[in-house]
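Student: Dropping a structure here in structure tokens format, bear with me for questions.
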Amino acid sequence: MDDRVRFSLDEVRELVASVLTRHGLAPAHVEACADVMTAGERDGGGSHGIFRLLMCMNSIRAGKVTLDAEPVVHDVAPGVVRVDAGGAFAPLAFRRGLPLLAKKAKAVGVAAMAVNDCCHFAALFPEVEAIAREGLVGFAFTPSHAWVAPAGGSRPLLGTNPIAFGWPRPGGDPFVFDFATSASARGEIELHRREARPTPPGWGVDPSGEPTTDADAIMAGAMLPFGGHKGSALSLMVELIAGPLIGDLTSVDSIAFDDGARGAPRGGELLLAIDPSRILGAAAGDHLARAEAIFDGVVSQGARLPSLRRYEARRRSLSEGALIPRKLVEEVRALLD
Ligand code: NDP
Ligand code: PYC
């Protein structure tokens with residue numbers, strides 16, 4: 001039986017906003033957080049839609065997030081923006097910093113934005129998509145909690161450390177990909193646990209380091225990077241460039257800060273924006289046609305381009321709404337009591 005409830009996207013946003021407002025989050029944060037969770041449902045991303053409300057609530061209840069900090073945007077160098085999130089959820093800090101990041105990238109060609117001291121519960125695709133909609137190439141990286149063992153190890157050290165990328169496409173939605181550098185996001189393992197489903201092999205090890213498909217055992221043991229040493233190295237890169245490089249917490253620091261609350265990772269995020277016209281000068285524009293030829297080469301052989309599923313889901317949910325597990329809806333509605 002399909003035990004899911006159909007919600008319009010406005011109803012999703014309204015439900016998320018009501019819960020966050022009820023628990024004291026300041027209005028500008030409510031709006032920014034509700035938008036990213038609604039975007040998750042809109043695009044068919046079950047682990048980073050309304051389900052993230054449970055992680056946010058853990059942060060709020062444990063006092064691990066500042067409910068009303070106004071992000072402060074610092075113009076620190078011609079190509080560098082720093083946003084101090086003040087211990088609040090990340091989406092509003094990104095929203096406040098984006099205009100200056102885009103302005104700088106267009107002025108000098110490449111710009112970086114460090115978001116510091118935030119609680120990052122969200123998917124990264126809305127951020128790189130917004131950068132790409134400015135005609136820029138976007139990258140985003142953030143550490144999370146130390147849940148993942150390095151390839152060849154069995155003890156949690158790294159975060160699920162997502163990497164996202166956005167590329168503008170002429171007259172269409174940007175090319176976007178966005179994934180954890182672990183074999184699965186933590187959110188996916190949590191969903192397997194809630195639904196008592198075994199995980200696919202390769203997602204994690206139990207506390208004694210043995211491979212397992214039991215989500216509870218993985219959560220007690222360690223998750224694994226995707227692609228062996230390659231995912232492990234990318235995850236290390238995320239730790240470095242969105243931790244020490246920007247003067248913020250690592251995934252080990254974040255889980256220590258969390259202290260068992262099961263809240264959102266605390267720390268920083270690094271975003272990069274590149275303006276192709278600054279690199280290419282008079283040749284700008286050609287890069288888009290050349291990129292389209294590469295994309296055609298993917299789809300013409302029956303392979304799937306990242307982001308096509310997302311935009312199809314988006315078109316569907318904008319007219320038909322999103323299907324959300326009934327159990328999750330009940331849990332979320334109970335947060336209004
Ligand atoms: P997935 O493993 O589901 O991978 C998603 C990406 O891969 C999407 O860009 C997707 O495109 C693309 N993709 C999936 N399958 C295919 C395929 N067969 N062919 C081509 N492309 C494909 O994502 P994860 O579970 O790793 O991550 C889910 C979310 O979790 C992300 O949004 C991430 O940002 C978030 N996250 C956030 C963290 C945080 O600390 N804030 C930590 C870790 C993860 P499409 O969208 O079109 O399906
Ligand atoms: O799914 O790994 C995850 C995650 C961590 C923080 C937000 N999502």
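Going through the structure tokens in order, the chains are called A, B, and so on, while each chain numbers its residues from 1 and the ligands are numbered from 1 in the order shown.
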How close does chain A get to ligand 2? List, as CSV, each residue of chain A within 9 Å, its nearest atom pair and the distance in Å to one decimal, counting only C-alpha atoms and all ligand atoms.

Tutor:
```
residue,atom,partner,partner_atom_place_in_ligand_line,distance
A:Ser47,CA,ligand 2,1 (O),6.7
A:His48,CA,ligand 2,8 (N),6.8
A:Arg52,CA,ligand 2,7 (C),7.4
A:Met55,CA,ligand 2,7 (C),8.0
A:Cys119,CA,ligand 2,6 (C),8.8
A:His120,CA,ligand 2,6 (C),6.1
A:Phe121,CA,ligand 2,7 (C),3.9
A:Ala122,CA,ligand 2,7 (C),5.2
A:Ala123,CA,ligand 2,8 (N),6.8
A:Pro143,CA,ligand 2,5 (C),8.4
A:Ser144,CA,ligand 2,5 (C),5.5
A:His145,CA,ligand 2,5 (C),7.0
A:Trp147,CA,ligand 2,2 (O),8.6
A:Gly159,CA,ligand 2,2 (O),7.4
A:Thr160,CA,ligand 2,2 (O),4.9
A:Asn161,CA,ligand 2,2 (O),7.3
A:Pro162,CA,ligand 2,2 (O),7.8
A:Ala180,CA,ligand 2,2 (O),6.7
A:Ser182,CA,ligand 2,2 (O),8.1
A:Ser184,CA,ligand 2,2 (O),7.5
A:Ala185,CA,ligand 2,1 (O),4.0
A:Arg186,CA,ligand 2,2 (O),3.6
A:Gly187,CA,ligand 2,1 (O),3.7
A:Glu188,CA,ligand 2,1 (O),6.5
A:Ile189,CA,ligand 2,1 (O),8.1
A:Glu190,CA,ligand 2,1 (O),8.4
A:Gly263,CA,ligand 2,6 (C),8.5
A:Ala264,CA,ligand 2,6 (C),5.7
A:Pro265,CA,ligand 2,6 (C),5.8
```

Student: Only C-alpha atoms, please: the residues just picked out, written as a CSV table (one decimal), in the first residue's frame.

Tutor:
```
chain,number,residue,atom,x,y,z
A,47,SER,CA,15.9,12.8,2.5
A,48,HIS,CA,16.2,16.6,2.2
A,52,ARG,CA,15.0,17.6,7.6
A,55,MET,CA,17.0,17.4,12.4
A,119,CYS,CA,23.9,25.0,11.2
A,120,HIS,CA,23.7,23.3,7.8
A,121,PHE,CA,20.8,20.9,7.5
A,122,ALA,CA,20.0,21.4,3.9
A,123,ALA,CA,20.7,20.2,0.3
A,143,PRO,CA,31.4,19.3,6.1
A,144,SER,CA,28.8,17.6,8.3
A,145,HIS,CA,29.2,15.4,11.4
A,147,TRP,CA,29.9,9.7,10.6
A,159,GLY,CA,31.4,14.0,7.4
A,160,THR,CA,29.0,13.1,4.6
A,161,ASN,CA,30.5,16.2,3.0
A,162,PRO,CA,28.4,17.1,0.0
A,180,ALA,CA,27.3,13.4,-0.5
A,182,SER,CA,29.7,9.1,1.4
A,184,SER,CA,24.7,7.6,0.7
A,185,ALA,CA,23.7,10.7,2.6
A,186,ARG,CA,23.0,10.2,6.3
A,187,GLY,CA,19.4,11.2,5.6
A,188,GLU,CA,19.1,8.1,3.3
A,189,ILE,CA,20.3,5.8,6.0
A,190,GLU,CA,17.9,7.3,8.5
A,263,GLY,CA,20.9,18.2,15.3
A,264,ALA,CA,22.2,19.8,12.2
A,265,PRO,CA,26.0,19.9,11.6
```

Student: Excluding Ala284 of chain A and residues on its chain fewer than 6 positions from it, collect all residues at most 12 Å away from it, counting only C-alpha atoms, and give them as a VMD selection string.

Tutor: chain A and resid 135 to 136 275 to 278 290

Student: With only C-alpha atoms as the atoms that count, which of A:Val110, A:Val76, A:Ala146, A:Ala32 lies nearest to Pro91 of chain A?

Tutor: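 For Pro91 of chain A, the nearest of the candidates is A:Ala32.
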
Student: Smallest atom-to-atom distance to Leu53 of chain A: which of A:Ala164, A:Ala132, A:Leu335, A:Ala112, using only C-alpha atoms?

Tutor: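 Smallest distance to Leu53 of chain A is found for A:Leu335.
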
Student: Report as a list in words all protein, DNA and RNA residues lying within 10 Å of Ile131 of chain A, evaluated on only C-alpha atoms, omitting residues in the same chain fewer than 4 positions from it.

Tutor: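 Contacts, in chain order: Leu98, Pro99, Leu101, Ala102, Phe125, Pro126, Glu127, Gly135, Leu136, Val137, Gly138, Phe139, Ala140, Phe165, Gly166, Trp167, Pro168, Pro174, Leu271, Leu272, Ala273 and Ile274 of chain A.
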
Student: Please identify which residues in segment 51-95 of chain A DSSP calls helix (DSSP H, G or I) from the backbone, and express them as a PyMOL selection string.

Tutor: chain A and resi 52-61+90-95

Student: Enumerate the residues of segment 85-203 of chain A with a DSSP assignment of strand (DSSP E or B), computed from the backbone, and present them as a PyMOL selection string.

Tutor: chain A and resi 89+110-119+137-141+148+158+163-167+175-179+182
